[in-house]
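K.L.:
Before I ask anything, here is the structure I am working with.
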Amino acid sequence: MAFSILWTFLVAGALLFGAYSGHLDAVSGAALEGASAAVELCIAMAGAMALWSGVMELLRATGLADGLARLFRPALRRLFPEASQDAETLSALSANVTANLLGLGNAATPLGIRAAERMARESPGRASDELCRLVVLNTASIQLFPATVASLRSAAGCQTPLDILPAIWLTSAASVTVGLCAERLLSRAGTERRAKSPRRRAGGATA
């Protein structure tokens, strides 16, 4: 909803400014050119995305994806001690992390949604600390092979779309570390605040 309002404001502002400055024809031309470029980009990316989605399906069919997911389960049990008690939730979390490592956000999203839906059952109407942690891990995920970014660079005409691997490894590891540290700090602050609030209410009632 917020993005819809933002885009509406930007489009209306561009039209008003173009009409005011007498360049409305240039605004219309730029809009049509941008729409055409967006379609061309989607078509150029379709092949690469289909390729890596197919690779993910092959990994699943051969069992390699499950084997890779099992490697992360000890770490996931430490990060999600409550959610990992449910085998199906742990399986969705493991598959989600595996897809993110391969840079396949389109494959990771439904797996993350499945895990989030099962985790939300334990705290209806409120996002638990572990659910917030899952959102952090999906937003700032470590990527060993950024397939989506490489596809974008290739569609844009880059001849070496994978020369960003060292930078991707460094920045994604740093973002996950900072995100998890921030989540831990905010979680502790919230726990302390909830622990103090009953005492304050009790003290006020006594007074």
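Labels used: A, B, ... for chains in the order of the structure tokens, numbers from 1 for residues in each chain, and numbers from 1 for ligands as shown.
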If we count only C-alpha atoms and set the cut-off at 10 Å, which residues sit around Val97 (chain A), ignoring sequence neighbours fewer than 4 positions away in its own chain? Please answer as a PyMOL selection string.

P.N.:
chain A and resi 68-69+72-73+76+92-93+101-103+108+111-112+134+137-138+141-143

K.L.:
For those residues, write N, CA and C atoms to a file as an mmCIF file, in the first residue's frame.

P.N.:
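Printed below is out.cif as written:
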```
data_model
loop_
_atom_site.group_PDB
_atom_site.id
_atom_site.type_symbol
_atom_site.label_atom_id
_atom_site.label_comp_id
_atom_site.auth_asym_id
_atom_site.auth_seq_id
_atom_site.Cartn_x
_atom_site.Cartn_y
_atom_site.Cartn_z
ATOM 1 N N LEU A 68 22.380 -30.675 1.369
ATOM 2 C CA LEU A 68 22.893 -29.356 1.729
ATOM 3 C C LEU A 68 22.085 -28.749 2.870
ATOM 4 N N ALA A 69 20.780 -28.990 2.845
ATOM 5 C CA ALA A 69 19.930 -28.461 3.921
ATOM 6 C C ALA A 69 20.264 -29.103 5.256
ATOM 7 N N PHE A 72 22.876 -27.429 7.422
ATOM 8 C CA PHE A 72 22.539 -26.203 8.136
ATOM 9 C C PHE A 72 21.602 -26.434 9.314
ATOM 10 N N ARG A 73 21.103 -27.635 9.462
ATOM 11 C CA ARG A 73 20.126 -27.873 10.523
ATOM 12 C C ARG A 73 20.705 -27.687 11.927
ATOM 13 N N LEU A 76 20.544 -24.029 12.432
ATOM 14 C CA LEU A 76 19.158 -23.564 12.496
ATOM 15 C C LEU A 76 18.506 -23.939 13.821
ATOM 16 N N ALA A 92 11.308 -26.674 6.026
ATOM 17 C CA ALA A 92 11.077 -25.467 5.230
ATOM 18 C C ALA A 92 12.179 -24.442 5.469
ATOM 19 N N LEU A 93 12.615 -24.298 6.724
ATOM 20 C CA LEU A 93 13.698 -23.363 7.037
ATOM 21 C C LEU A 93 14.988 -23.776 6.335
ATOM 22 N N LEU A 101 21.141 -19.325 -0.372
ATOM 23 C CA LEU A 101 22.570 -19.477 -0.636
ATOM 24 C C LEU A 101 22.859 -19.510 -2.131
ATOM 25 N N LEU A 102 21.928 -20.082 -2.896
ATOM 26 C CA LEU A 102 22.095 -20.157 -4.345
ATOM 27 C C LEU A 102 21.585 -18.905 -5.049
ATOM 28 N N GLY A 103 21.126 -17.913 -4.259
ATOM 29 C CA GLY A 103 20.649 -16.668 -4.849
ATOM 30 C C GLY A 103 19.328 -16.788 -5.560
ATOM 31 N N ALA A 108 13.176 -19.264 -2.850
ATOM 32 C CA ALA A 108 13.265 -19.157 -1.388
ATOM 33 C C ALA A 108 12.007 -18.547 -0.788
ATOM 34 N N LEU A 111 9.143 -20.956 0.298
ATOM 35 C CA LEU A 111 9.622 -21.770 1.413
ATOM 36 C C LEU A 111 9.655 -20.952 2.700
ATOM 37 N N GLY A 112 10.091 -19.704 2.594
ATOM 38 C CA GLY A 112 10.101 -18.832 3.771
ATOM 39 C C GLY A 112 8.689 -18.536 4.257
ATOM 40 N N LEU A 134 13.665 -14.879 11.335
ATOM 41 C CA LEU A 134 13.521 -15.440 9.991
ATOM 42 C C LEU A 134 13.445 -14.337 8.946
ATOM 43 N N LEU A 137 16.931 -12.997 8.380
ATOM 44 C CA LEU A 137 17.755 -13.916 7.590
ATOM 45 C C LEU A 137 17.377 -13.903 6.118
ATOM 46 N N ASN A 138 16.085 -13.703 5.822
ATOM 47 C CA ASN A 138 15.662 -13.663 4.424
ATOM 48 C C ASN A 138 15.971 -12.331 3.776
ATOM 49 N N SER A 141 20.390 -12.221 3.443
ATOM 50 C CA SER A 141 20.800 -13.622 3.360
ATOM 51 C C SER A 141 22.196 -13.751 2.769
ATOM 52 N N ILE A 142 22.932 -14.738 3.285
ATOM 53 C CA ILE A 142 24.246 -15.040 2.723
ATOM 54 C C ILE A 142 24.061 -15.760 1.387
ATOM 55 N N GLN A 143 24.714 -15.281 0.355
ATOM 56 C CA GLN A 143 24.592 -15.866 -0.973
ATOM 57 C C GLN A 143 25.957 -16.331 -1.456
#
```

K.L.:
With only C-alpha atoms as the basis for distance, which of A:Gly63, A:Cys132, A:Leu186, A:Trp169 is at the shortest distance from Pro146 (chain A)?

P.N.:
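When distances to Pro146 (chain A) are compared using only C-alpha atoms, the smallest one comes from A:Trp169.
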
K.L.:
Ranking A:Glu82, A:Ser151, A:Glu192, A:Gly22 by minimum distance to Glu122 (chain A) and counting only C-alpha atoms, which one comes first?

P.N.:
A:Glu82

K.L.:
Give me, as a PyMOL selection string, the residues of region 10-190 of chain A that a backbone DSSP run labels helix (DSSP H, G or I).

P.N.:
chain A and resi 10-21+24-62+64-79+83-85+87-101+105-120+129-139+147-155+165-190

K.L.:
What's around region 5-17 of chain A at 12 Å? Count only C-alpha atoms, leave out sequence neighbours fewer than 2 positions away in its own chain, and write the answer as a ChimeraX atom specification.

P.N.:
/A:1-3,19-31

K.L.:
Save out the residues we just selected, C-alpha atoms, as a compact mmCIF listing (two decimals), in the first residue's frame.

P.N.:
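Dumped everything to again_38.txt:
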```txt
# COMPACT_ATOMS: atom_id res chain seq x y z
CA MET A 1 0.00 0.00 0.00
CA ALA A 2 2.78 2.42 0.92
CA PHE A 3 4.62 1.75 -2.35
CA ALA A 19 3.07 20.20 -17.81
CA TYR A 20 4.35 23.20 -15.83
CA SER A 21 7.71 23.27 -17.62
CA GLY A 22 6.23 22.61 -21.05
CA HIS A 23 7.95 19.23 -21.49
CA LEU A 24 4.95 16.94 -21.15
CA ASP A 25 5.81 15.25 -24.46
CA ALA A 26 9.25 14.33 -23.07
CA VAL A 27 7.64 12.87 -19.94
CA SER A 28 5.29 10.76 -22.08
CA GLY A 29 8.20 9.58 -24.25
CA ALA A 30 10.27 8.65 -21.21
CA ALA A 31 7.34 6.70 -19.72
```

K.L.:
Just want the 10 Å neighbourhood of Val149 (chain A), counted on only C-alpha atoms, with same-chain residues fewer than 4 positions away dropped. Output as a VMD selection string.

P.N.:
chain A and resid 103 to 104 145 153 to 155 161 to 162 164 168

K.L.:
Which residue, A:Gly67, A:Leu58, A:Leu131, A:Thr191, has the smallest gap to Ser84 (chain A) when you use only C-alpha atoms?

P.N.:
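Under the stated criterion, the closest residue is A:Leu131.
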
K.L.:
What is the CA of Phe80 (chain A) to CA of Leu144 (chain A) distance in Å?

P.N.:
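Interatomic distance here is 22.1 Å.
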
K.L.:
What gap, in Å, lies between CA of Ser175 (chain A) and CA of Arg118 (chain A)?

P.N.:
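Between these atoms lies a distance of 25.7 Å.
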
K.L.:
Between CA of Ile113 (chain A) and CA of Thr139 (chain A), what is the spacing in Å?

P.N.:
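Result for CA of Thr139 (chain A) versus CA of Ile113 (chain A): 12.8 Å, one decimal.
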
K.L.:
I need the residue nearest Thr98 (chain A) from this list: A:Cys158, A:Arg70, A:Leu185, A:Asp129. Use only C-alpha atoms for the distance.

P.N.:
A:Arg70
